[in-house]
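File shown here: my_file-v3.txt, holding compact mmCIF, C-alpha atoms and all ligand atoms.
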```txt
# COMPACT_ATOMS: atom_id res chain seq x y z
CA MET I 467 22.03 91.56 56.79
CA ASP I 468 24.03 90.67 59.89
CA TYR I 469 22.68 87.78 61.93
CA ILE I 470 23.43 86.75 65.44
CA ILE I 471 22.74 83.18 66.45
CA LYS I 472 22.19 83.37 70.19
CA ASN I 473 22.94 80.71 72.80
CA ALA I 474 23.72 77.96 70.36
CA LYS I 475 25.40 74.68 71.06
CA ILE I 476 28.12 74.88 68.41
CA VAL I 477 29.31 71.53 67.09
CA ASP I 478 31.79 70.63 64.38
CA LYS I 479 34.26 67.79 63.88
CA ARG I 480 36.72 69.27 66.36
CA LYS I 481 34.67 70.86 69.12
CA THR I 482 31.48 71.36 71.08
CA LEU I 483 30.91 74.69 72.81
CA MET I 484 28.17 77.09 73.86
CA GLY I 485 28.08 80.60 72.51
CA ASP I 486 26.85 83.21 70.07
CA LEU I 487 27.75 83.36 66.39
CA TRP I 488 27.91 86.64 64.52
CA ILE I 489 27.39 86.35 60.79
CA SER I 490 28.36 89.30 58.62
CA ASP I 491 29.12 89.64 54.89
CA GLY I 492 28.57 85.93 54.39
CA LYS I 493 31.23 85.01 56.94
CA ILE I 494 31.42 83.91 60.53
CA LYS I 495 32.67 87.15 61.99
CA LYS I 496 32.86 86.25 65.66
CA ILE I 497 32.23 83.36 68.03
CA SER I 498 31.89 84.48 71.63
CA ASN I 499 29.62 84.78 74.62
CA ASN I 500 27.12 87.62 74.67
CA ILE I 501 27.85 89.35 71.41
CA ASP I 502 26.05 92.70 71.22
CA SER I 503 22.93 92.26 69.10
CA VAL I 504 22.31 95.90 68.11
CA ASP I 505 21.61 96.21 64.34
CA LYS I 506 21.61 92.45 63.92
CA GLU I 507 18.81 90.03 63.30
CA ILE I 508 18.61 87.62 66.20
CA ILE I 509 18.21 83.91 65.63
CA ASP I 510 17.35 82.36 68.97
CA ALA I 511 19.12 79.01 69.13
CA GLU I 512 18.41 78.21 72.77
CA GLY I 513 18.32 74.42 73.06
CA LYS I 514 19.37 73.98 69.42
CA VAL I 515 22.58 72.88 67.75
CA VAL I 516 24.50 74.75 65.06
CA MET I 517 26.77 72.73 62.80
CA PRO I 518 28.56 73.29 59.50
CA SER I 519 26.01 72.69 56.73
CA PHE I 520 26.25 69.32 55.03
CA ILE I 521 27.98 68.52 51.74
CA ASP I 522 26.61 65.68 49.62
CA MET I 523 29.10 63.97 47.30
CA HIS I 524 26.45 61.86 45.60
CA VAL I 525 23.02 62.92 44.34
CA HIS I 526 20.94 62.41 41.21
CA LEU I 527 19.16 65.59 40.08
CA ARG I 528 17.81 64.16 36.79
CA GLU I 529 18.17 67.32 34.73
CA PRO I 530 18.27 67.30 31.75
CA GLY I 531 15.92 64.66 30.52
CA GLN I 532 14.04 63.24 33.47
CA THR I 533 12.56 66.31 35.09
CA GLU I 534 9.40 64.38 35.92
CA LYS I 535 11.58 62.66 38.57
CA GLU I 536 13.45 65.78 39.74
CA ASP I 537 14.95 68.97 38.36
CA LEU I 538 17.71 71.26 39.53
CA VAL I 539 15.33 73.55 41.42
CA SER I 540 13.34 70.82 43.19
CA GLY I 541 16.51 68.86 43.93
CA GLU I 542 18.38 71.84 45.30
CA ASN I 543 15.36 72.86 47.36
CA ALA I 544 15.28 69.36 48.80
CA ALA I 545 19.01 69.63 49.51
CA VAL I 546 18.78 72.84 51.56
CA LYS I 547 15.74 71.45 53.38
CA GLY I 548 17.99 68.58 54.38
CA GLY I 549 20.71 70.97 55.60
CA PHE I 550 23.00 70.61 52.58
CA THR I 551 24.55 73.66 50.91
CA HIS I 552 26.62 71.80 48.33
CA VAL I 553 25.72 68.77 46.25
CA CYS I 554 27.62 66.79 43.62
CA ALA I 555 25.27 65.61 40.90
CA MET I 556 25.86 62.37 39.04
CA ALA I 557 26.14 62.23 35.26
CA ASN I 558 23.42 59.66 34.48
CA THR I 559 21.13 62.33 33.08
CA LYS I 560 19.44 62.11 29.66
CA PRO I 561 21.45 62.82 27.58
CA THR I 562 24.37 61.67 29.70
CA CYS I 563 26.56 64.46 31.01
CA ASP I 564 29.48 63.26 28.90
CA ASN I 565 29.94 66.32 26.71
CA LYS I 566 30.54 70.05 26.97
CA GLU I 567 27.05 71.04 25.75
CA THR I 568 25.18 69.05 28.39
CA MET I 569 27.60 70.21 31.09
CA GLU I 570 27.10 73.85 30.07
CA TYR I 571 23.33 73.39 29.89
CA ILE I 572 23.25 72.14 33.49
CA LEU I 573 25.63 74.76 34.80
CA ASP I 574 23.75 77.59 33.06
CA LYS I 575 20.43 76.42 34.44
CA HIS I 576 21.94 76.11 37.87
CA LYS I 577 23.38 79.60 37.61
CA GLU I 578 19.95 81.04 36.80
CA ASN I 579 18.05 79.43 39.66
CA GLY I 580 20.65 77.86 41.92
CA ILE I 581 19.72 77.47 45.57
CA CYS I 582 22.69 75.55 46.90
CA ASP I 583 26.15 75.06 45.40
CA LEU I 584 26.56 72.42 42.73
CA THR I 585 29.43 70.37 41.42
CA GLN I 586 28.25 68.65 38.26
CA ILE I 587 30.06 65.36 37.83
CA SER I 588 31.16 64.32 34.35
CA ALA I 589 30.65 60.82 33.03
CA LEU I 590 33.90 58.91 32.83
CA THR I 591 32.99 57.07 29.62
CA LYS I 592 30.76 58.11 26.75
CA GLY I 593 27.12 57.21 27.39
CA LEU I 594 28.23 55.37 30.56
CA GLN I 595 29.07 52.51 28.24
CA GLY I 596 32.42 51.73 29.88
CA GLU I 597 34.21 51.67 26.52
CA GLU I 598 35.45 55.04 25.40
CA PHE I 599 36.53 57.92 27.63
CA VAL I 600 34.75 61.26 27.46
CA ASN I 601 36.92 64.16 26.32
CA ILE I 602 38.60 64.37 29.70
CA ASP I 603 40.58 67.56 29.05
CA GLU I 604 37.45 69.37 27.97
CA MET I 605 35.26 68.12 30.85
CA ARG I 606 38.07 68.69 33.35
CA LYS I 607 37.69 72.43 32.75
CA PHE I 608 34.25 72.19 34.41
CA THR I 609 34.75 69.59 37.10
CA ASN I 610 37.26 67.52 39.04
CA LEU I 611 34.83 64.61 39.53
CA PHE I 612 34.21 61.83 37.00
CA SER I 613 31.81 58.93 37.45
CA ASP I 614 29.79 56.35 35.55
CA ASP I 615 27.63 55.88 38.66
CA GLY I 616 24.53 53.86 38.03
CA VAL I 617 26.58 51.28 36.16
CA ASN I 618 29.87 49.50 36.66
CA VAL I 619 33.02 50.01 34.57
CA ASP I 620 33.55 46.33 33.75
CA ASP I 621 36.68 46.47 31.60
CA ASP I 622 39.83 46.15 33.76
CA GLU I 623 42.08 47.87 31.20
CA ILE I 624 39.73 50.82 30.83
CA PHE I 625 39.54 51.24 34.57
CA LYS I 626 43.30 50.98 34.95
CA GLU I 627 43.74 53.66 32.30
CA ALA I 628 41.14 55.82 34.07
CA LEU I 629 43.10 55.62 37.31
CA LYS I 630 46.31 56.64 35.55
CA LEU I 631 44.52 59.56 33.94
CA SER I 632 43.06 60.64 37.30
CA LYS I 633 46.58 60.98 38.65
CA GLU I 634 47.94 62.70 35.55
CA LYS I 635 45.08 65.17 35.17
CA ASP I 636 44.24 65.57 38.84
CA PHE I 637 40.62 64.43 39.12
CA LYS I 638 38.70 62.01 41.31
CA ILE I 639 36.86 58.91 40.08
CA LEU I 640 33.70 57.98 41.96
CA THR I 641 32.92 54.33 41.42
CA HIS I 642 29.67 52.47 41.44
CA CYS I 643 30.88 48.94 42.19
CA GLU I 644 28.61 46.17 40.92
CA PRO I 645 29.14 43.38 41.81
CA GLU I 646 30.32 45.23 44.85
CA VAL I 647 32.99 43.06 46.47
CA GLU I 648 34.59 41.81 43.25
CA THR I 649 34.80 45.30 41.78
CA ILE I 650 36.19 46.86 44.95
CA LYS I 651 38.80 44.11 45.04
CA ARG I 652 39.80 44.81 41.44
CA ASP I 653 39.80 48.57 41.90
CA LEU I 654 41.95 48.51 45.03
CA LYS I 655 44.46 46.16 43.40
CA LEU I 656 44.67 48.57 40.49
CA VAL I 657 45.15 51.58 42.77
CA GLU I 658 47.94 49.64 44.45
CA ASP I 659 49.53 49.01 41.05
CA VAL I 660 49.11 52.33 39.27
CA GLY I 661 47.85 54.84 41.87
CA GLY I 662 45.10 57.30 41.04
CA ASN I 663 42.34 59.11 42.91
CA LEU I 664 39.58 56.71 43.83
CA HIS I 665 36.40 57.26 45.81
CA ILE I 666 34.18 54.21 46.28
CA CYS I 667 30.48 55.05 46.32
CA HIS I 668 27.79 53.53 48.55
CA ILE I 669 29.41 50.49 50.14
CA SER I 670 26.91 48.16 51.77
CA LEU I 671 28.56 44.83 52.64
CA LYS I 672 30.76 43.67 55.51
CA GLU I 673 33.07 42.00 53.01
CA SER I 674 33.60 45.34 51.25
CA LEU I 675 34.42 46.99 54.54
CA ASP I 676 36.92 44.25 55.41
CA LEU I 677 38.67 44.72 52.06
CA ILE I 678 38.74 48.48 52.46
CA LYS I 679 40.17 48.13 55.95
CA GLU I 680 42.84 45.74 54.69
CA TYR I 681 44.02 48.18 52.02
CA LYS I 682 43.79 51.24 54.28
CA ASP I 683 45.88 49.40 56.86
CA LYS I 684 48.48 48.87 54.15
CA GLY I 685 48.58 52.63 53.67
CA LEU I 686 46.76 52.84 50.33
CA LYS I 687 45.14 56.26 49.76
CA PHE I 688 41.48 56.26 48.63
CA SER I 689 38.10 57.07 50.16
CA CYS I 690 34.66 55.54 50.47
CA GLU I 691 31.11 56.44 51.40
CA VAL I 692 28.02 54.85 52.91
CA THR I 693 24.46 56.10 52.49
CA PRO I 694 22.12 57.09 55.34
CA HIS I 695 19.72 54.34 54.24
CA HIS I 696 22.34 51.60 54.48
CA LEU I 697 23.06 52.77 58.03
CA PHE I 698 19.39 53.00 58.93
CA GLU I 699 17.95 49.81 57.44
CA TRP I 700 18.71 46.15 56.63
CA ASP I 701 16.91 43.04 55.34
CA ASN I 702 14.53 45.08 53.22
CA ASP I 703 13.86 44.21 49.59
CA TYR I 704 12.90 47.75 48.57
CA ARG I 705 14.66 48.22 45.24
CA VAL I 706 17.85 50.23 45.58
CA ASN I 707 21.41 49.82 44.27
CA PRO I 708 23.26 48.48 46.10
CA PRO I 709 20.48 46.51 47.81
CA PHE I 710 20.01 46.60 51.58
CA GLY I 711 22.35 44.16 53.30
CA SER I 712 21.83 41.84 56.24
CA LYS I 713 21.93 42.98 59.87
CA THR I 714 25.59 41.88 59.92
CA ASP I 715 26.35 44.09 56.92
CA ARG I 716 24.55 47.05 58.40
CA ASP I 717 26.28 46.65 61.77
CA ALA I 718 29.60 46.50 59.91
CA MET I 719 28.79 49.88 58.30
CA ILE I 720 28.31 51.34 61.77
CA GLU I 721 31.62 49.85 62.93
CA GLY I 722 33.21 51.29 59.77
CA ILE I 723 32.00 54.73 60.78
CA LYS I 724 33.13 54.33 64.39
CA GLU I 725 36.58 53.09 63.40
CA GLY I 726 37.09 55.75 60.74
CA ILE I 727 37.27 53.25 57.87
CA ILE I 728 34.32 54.90 56.13
CA ASP I 729 35.18 58.48 55.23
CA VAL I 730 31.90 60.01 54.18
CA ILE I 731 28.13 59.71 54.42
CA ALA I 732 26.55 60.60 51.04
CA THR I 733 22.86 60.26 50.26
CA ASP I 734 22.73 58.79 46.74
CA HIS I 735 19.46 60.75 46.57
CA ALA I 736 17.76 58.96 43.67
CA PRO I 737 14.29 60.36 42.98
CA HIS I 738 11.91 58.41 40.72
CA THR I 739 8.26 58.69 39.72
CA GLN I 740 5.83 56.21 41.21
CA GLU I 741 5.40 54.67 37.78
CA ASP I 742 9.14 54.15 37.32
CA LYS I 743 9.37 52.58 40.77
CA GLU I 744 6.55 50.21 39.87
CA ASN I 745 8.59 49.27 36.81
CA GLY I 746 11.59 48.44 38.97
CA ALA I 747 13.71 51.60 38.99
CA PRO I 748 16.23 51.36 41.86
CA GLY I 749 16.70 54.22 44.29
CA ILE I 750 15.53 56.19 47.30
CA SER I 751 14.60 59.86 47.58
CA GLY I 752 16.50 60.58 50.75
CA ILE I 753 18.20 63.94 50.96
CA GLU I 754 15.54 65.72 53.02
CA GLU I 755 15.59 63.18 55.84
CA ALA I 756 19.25 62.19 55.55
CA PHE I 757 20.31 63.95 58.73
CA SER I 758 17.44 62.44 60.70
CA TYR I 759 18.23 58.89 59.54
CA VAL I 760 21.87 59.28 60.46
CA TYR I 761 21.20 61.02 63.76
CA THR I 762 18.62 58.42 64.77
CA VAL I 763 21.19 55.66 64.28
CA PHE I 764 24.04 57.63 65.88
CA LYS I 765 21.89 58.45 68.91
CA GLN I 766 20.98 54.80 69.34
CA LYS I 767 24.59 53.66 68.93
CA GLY I 768 26.14 56.40 71.06
CA ILE I 769 28.10 57.99 68.20
CA SER I 770 28.87 61.68 68.65
CA LEU I 771 27.60 64.66 66.70
CA ASN I 772 31.25 65.55 66.13
CA CYS I 773 31.56 62.31 64.19
CA LEU I 774 28.37 63.08 62.28
CA SER I 775 29.82 66.47 61.37
CA GLU I 776 33.03 64.81 60.25
CA LYS I 777 31.22 62.39 57.93
CA MET I 778 28.60 64.77 56.53
CA SER I 779 30.59 68.02 56.32
CA TYR I 780 34.27 67.91 57.16
CA MET I 781 35.44 64.89 55.17
CA PRO I 782 33.46 65.83 52.05
CA SER I 783 34.99 69.32 52.24
CA LYS I 784 38.48 67.80 52.47
CA LEU I 785 37.94 65.31 49.66
CA LEU I 786 36.46 67.94 47.37
CA GLY I 787 39.25 70.40 48.08
CA PHE I 788 37.07 73.05 49.75
CA SER I 789 37.83 75.14 52.79
CA GLU I 790 37.46 72.80 55.80
CA ALA I 791 33.85 72.63 56.98
CA LEU I 792 34.40 73.86 60.54
CA ILE I 793 32.84 76.63 62.60
CA GLU I 794 35.63 79.16 62.91
CA GLU I 795 35.92 82.93 62.68
CA GLY I 796 36.63 84.01 59.12
CA LYS I 797 35.05 80.95 57.49
CA ASP I 798 32.10 81.21 55.10
CA ALA I 799 28.87 81.09 57.07
CA ASN I 800 27.57 77.74 55.79
CA LEU I 801 25.57 76.49 58.71
CA VAL I 802 22.67 74.34 59.73
CA LEU I 803 20.45 74.80 62.78
CA ILE I 804 19.12 71.59 64.24
CA ASP I 805 16.53 70.66 66.83
CA LEU I 806 17.75 67.40 68.33
CA ASN I 807 14.77 67.09 70.65
CA GLU I 808 12.30 66.96 67.82
CA TYR I 809 11.07 63.63 66.58
CA HIS I 810 8.74 63.05 63.67
CA LYS I 811 7.44 60.48 61.28
CA VAL I 812 8.76 60.47 57.74
CA ASN I 813 5.98 61.89 55.59
CA THR I 814 6.51 62.08 51.85
CA ASN I 815 3.64 64.59 51.56
CA ASN I 816 6.11 67.07 53.06
CA PHE I 817 8.91 66.24 50.60
CA VAL I 818 9.83 69.10 48.29
CA SER I 819 11.70 66.62 46.11
CA LYS I 820 9.57 65.34 43.25
CA GLY I 821 10.67 61.85 44.29
CA LYS I 822 8.43 60.38 46.98
CA ASN I 823 10.14 57.00 46.68
CA THR I 824 11.22 55.75 50.07
CA PRO I 825 10.77 52.61 52.14
CA PHE I 826 10.67 54.76 55.28
CA GLU I 827 7.23 56.39 55.06
CA GLY I 828 5.82 56.60 58.58
CA LYS I 829 9.09 55.67 60.30
CA LYS I 830 9.84 57.60 63.48
CA VAL I 831 13.12 59.52 63.34
CA TYR I 832 14.91 61.89 65.71
CA GLY I 833 16.28 65.37 65.07
CA LYS I 834 15.25 67.89 62.49
CA VAL I 835 16.95 70.49 60.34
CA ILE I 836 15.16 73.76 61.06
CA MET I 837 17.29 76.29 59.21
CA THR I 838 20.03 76.26 56.59
CA ILE I 839 22.35 79.21 56.01
CA LYS I 840 24.55 79.49 52.93
CA ASN I 841 27.15 82.24 52.67
CA GLY I 842 25.34 84.12 55.41
CA GLU I 843 21.90 83.96 53.78
CA LEU I 844 18.91 81.94 54.97
CA VAL I 845 18.27 79.45 52.19
CA TYR I 846 15.85 77.29 54.18
CA LYS I 847 13.74 77.93 57.23
O1 LIG T 1 19.65 53.01 43.60
C1 LIG T 1 20.31 53.65 42.79
N1 LIG T 1 19.74 54.56 41.99
N2 LIG T 1 21.62 53.44 42.70
C2 LIG T 1 22.36 53.98 41.73
O2 LIG T 1 23.54 53.75 41.71
C3 LIG T 1 21.75 54.81 40.69
C4 LIG T 1 20.53 55.45 41.20
C5 LIG T 1 19.69 56.10 40.14
O3 LIG T 1 20.23 56.81 39.28
O4 LIG T 1 18.47 55.96 40.20
ZN ZN T 2 25.67 54.17 42.36
```

Encoding of this model in C-alpha cells:
Amino acid sequence: MDYIIKNAKIVDKRKTLMGDLWISDGKIKKISNNIDSVDKEIIDAEGKVVMPSFIDMHVHLREPGQTEKEDLVSGENAAVKGGFTHVCAMANTKPTCDNKETMEYILDKHKENGICDLTQISALTKGLQGEEFVNIDEMRKFTNLFSDDGVNVDDDEIFKEALKLSKEKDFKILTHCEPEVETIKRDLKLVEDVGGNLHICHISLKESLDLIKEYKDKGLKFSCEVTPHHLFEWDNDYRVNPPFGSKTDRDAMIEGIKEGIIDVIATDHAPHTQEDKENGAPGISGIEEAFSYVYTVFKQKGISLNCLSEKMSYMPSKLLGFSEALIEEGKDANLVLIDLNEYHKVNTNNFVSKGKNTPFEGKKVYGKVIMTIKNGELVYK
C-alpha cells in the first residue's frame, strides 16, 4: 500500500520543512509539495509533525523468565505505541542471555511475533556475575552489543580486558555504572589506556556529566545516555537505578543535552509487577510516554525538536551502525506522527506494557505519538 502523508511539518536532526511524504515499498519515495494522491492512502497530517521513528538503546523486555512483568509482544507493542521502531533489549532475563540457546530462543520468538525491530544484547559475563566472560565469539554472531546492565562490573582487570576485546572483536559495551561516578571515572581512565567501544548507560549526576565532558574535551571517543525520567524528574525517592538526582543534577542533564555532551536519550524501560515493586524492585515502565516526558521538558526549556530527533533517533542510529535516521528520499519509511498540541495526563490504565510501575501517574505532559510507521507499514495508530 502506498501512503501519502499530507501537509506535514517534517522534522529531523537536520531540518524542518512543510510538505507531503510519499511512502511506497517501505521507503520514502518522494518529499515534495502537493504530491498527487491518486491510488494512495491519504494520511492527513495538517497541524501534526512527522519525525524519524525513535530507536531505544536500552529496554528490559523480561523474556524469557519474567513474562509476568513483560514479554516480547507486550514490550514491543508498548515500544511502537511510544513511537519506537527499534529497541535493544538488555540481557538480565531469566535465564540470563549469556548463551546461544537463550539468545536463539529470544530471537526465534521475536521472529514469530515481532512488532518492532529488536537487537538482543548479550550479557558480557556469565550470569552477570562479573567474573567470567560469555563465549564472546559465539554471541558476537548474534549481536554487536554486550552488557551486564542491572549490575556493575566491579573487577578492574575484567573490565579492562572487556574493553580490549570490544576493540578486537568490534562490539560495544553498555555499562551500568554503580556507584556511578567512581565507575565512570574508572571506565574512562581505562578507555584512555586501552581504547575500546564504551557506551555509558543512564547517567544521572552532575559529577558524572562533568567527568564525561572532561574526557570528551580531551578527545576520547565514547558515548553516553540519559533517560527521559532523569530529565523529567528530581528529588523523588521512587525506586529506580540510578536513583533520581537533585535539581542540580537534573538541570545538569539538560545542560548536557543542550551542549551535546549527552549523546542519546534511552528509556531504560523496566517493567515490574506491583508485587515486585512493593518488594523493592527498581525501575520505571516508561517507553510509552517517553516522547511526552522529553518533549514536555524540551518545550519548557526551549530545546528544539531537531535536538529531540537527534537524541532519540539520529544518534542511536549512528551508534548502532544503522542507516542514519533522517527523513530523506530513498530511506526506509520509519516514521512517527506526533500531535504537539495535545496534552494529557499519564494514565497507566492505558499502558499496553504489563508494567504499570511509574511515579508519574496523573502527571500532565505535552505531545502525543499518534501513529508509528515501520518500513512503510502502520504498526501503531
Ligand atoms: O531501575 C532499573 N531497573 N535499573 C536497572 O539498571 C535495571 C532495571 C531492571 O532490570 O529492572
Ligand atoms: Zn542499568

Wanna dump the range 542-574 of chain I-range 593-613 of chain I contacts at 8 Å for me, each residue with its shortest atom pair and the distance in Å to one decimal, counting only C-alpha atoms, ordered by chain and number, as a tab-separated table?
```
residue	atom	partner	partner_atom	distance
I:Met556	CA	I:Ser613	CA	7.1
I:Ala557	CA	I:Ser613	CA	6.9
I:Asn558	CA	I:Leu594	CA	7.5
I:Pro561	CA	I:Gly593	CA	8.0
I:Thr562	CA	I:Gly593	CA	5.7
I:Asp564	CA	I:Val600	CA	5.8
I:Asn565	CA	I:Met605	CA	7.0
I:Lys566	CA	I:Met605	CA	6.4
I:Met569	CA	I:Phe608	CA	7.7
```

Neighbour list for Ile731 in chain I as a ChimeraX atom specification, cut-off 6 Å, all atoms listed in the file, skip fewer than 2 positions in-chain = /I:691-693,777-778

Find the residues of chain I that sit at most 7 Å from ligand LIG 1 (chain T); for each, write down the nearest two atoms and how far apart they are in Å, to one decimal. Count all atoms listed in the file. Sort by chain, then by number going up, and give it as a tab-separated table.
```
residue	atom	partner	partner_atom	distance
I:His526	CA	T:LIG1	O3	6.0
I:Asn558	CA	T:LIG1	O3	6.4
I:Asp615	CA	T:LIG1	O2	5.5
I:Gly616	CA	T:LIG1	O2	3.8
I:Val617	CA	T:LIG1	O2	6.8
I:His642	CA	T:LIG1	O2	6.3
I:Val706	CA	T:LIG1	O1	3.9
I:Asn707	CA	T:LIG1	O1	3.7
I:Pro708	CA	T:LIG1	N2	6.2
I:Asp734	CA	T:LIG1	N2	6.8
I:Ala736	CA	T:LIG1	O4	4.6
I:Pro737	CA	T:LIG1	O4	6.7
I:Ala747	CA	T:LIG1	O4	6.6
I:Pro748	CA	T:LIG1	O1	4.2
I:Gly749	CA	T:LIG1	O1	3.3
I:Ile750	CA	T:LIG1	O1	6.4
```

Selected residues written out with C-alpha atoms, as a PDB file, in the frame of the given file:
```pdb
ATOM      1  CA  HIS I 526      20.940  62.410  41.210  1.00  0.00           C
ATOM      2  CA  ASN I 558      23.420  59.660  34.480  1.00  0.00           C
ATOM      3  CA  ASP I 615      27.630  55.880  38.660  1.00  0.00           C
ATOM      4  CA  GLY I 616      24.530  53.860  38.030  1.00  0.00           C
ATOM      5  CA  VAL I 617      26.580  51.280  36.160  1.00  0.00           C
ATOM      6  CA  HIS I 642      29.670  52.470  41.440  1.00  0.00           C
ATOM      7  CA  VAL I 706      17.850  50.230  45.580  1.00  0.00           C
ATOM      8  CA  ASN I 707      21.410  49.820  44.270  1.00  0.00           C
ATOM      9  CA  PRO I 708      23.260  48.480  46.100  1.00  0.00           C
ATOM     10  CA  ASP I 734      22.730  58.790  46.740  1.00  0.00           C
ATOM     11  CA  ALA I 736      17.760  58.960  43.670  1.00  0.00           C
ATOM     12  CA  PRO I 737      14.290  60.360  42.980  1.00  0.00           C
ATOM     13  CA  ALA I 747      13.710  51.600  38.990  1.00  0.00           C
ATOM     14  CA  PRO I 748      16.230  51.360  41.860  1.00  0.00           C
ATOM     15  CA  GLY I 749      16.700  54.220  44.290  1.00  0.00           C
ATOM     16  CA  ILE I 750      15.530  56.190  47.300  1.00  0.00           C
TER      17      ILE I 750
END
```

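For the set I:Lys811, I:Val763, I:Asp805, I:Ala732, the residue with the smallest atom-to-atom gap to Lys475 in chain I is I:Asp805, counting all atoms listed in the file.
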
ask   = Near Thr559 in chain I, counting only C-alpha atoms, which residues have an atom at most 8 Å away, once you skip same-chain residues fewer than 3 positions from it, shown as a ChimeraX atom specification?
value = /I:527-532,556,562-563

Atomic separation - CA of Val657 in chain I relative to CA of Tyr681 in chain I, Å = 9.9 Å

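Distance annotation: of I:Thr733, I:Glu673, I:Glu623, I:Lys684, the residue with the minimal separation from ligand ZN 2 (chain T) is I:Thr733; atom set is all atoms listed in the file.
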
query = Which residue, I:Asp478, I:Asp729, I:Asp715, I:Asp491, has the smallest gap to Phe520 in chain I when you use all atoms listed in the file?
reply = I:Asp478

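Distances from I:Asp676, I:Asp703, I:Glu754, I:Glu744 to Val525 in chain I were compared using only C-alpha atoms, and the smallest one belongs to I:Glu754.
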
request  = Find the residues around Met719 in chain I up to 9 Å (only C-alpha atoms counted), leave out those fewer than 2 positions away in its own chain, and share them as a VMD selection string.
outcome  = chain I and resid 669 to 672 675 692 696 to 697 714 to 717 721 to 724 728

task = Could you check how far CA of Lys633 in chain I sits from CA of Asn663 in chain I, in Å to one decimal?
result = 6.3 Å

Padded axis-aligned box of range 817-826 of chain I (4 Å per side), centre and edge lengths, Å, one decimal, as AutoDock Vina command-line options:
```
--center_x 10.1 --center_y 60.9 --center_z 49.3 --size_x 11.3 --size_y 24.5 --size_z 20.0
```

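Proximity ranking of I:Glu795, I:Asp537, I:Glu646, I:Glu570 relative to ligand ZN 2 (chain T) places I:Glu646 first, based on only C-alpha atoms and all ligand atoms.
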
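Using all atoms listed in the file, the shortest contact distance between Gly662 in chain I and any of I:Ser674, I:Ser632, I:Ser540, I:Ser689 is found at I:Ser632.
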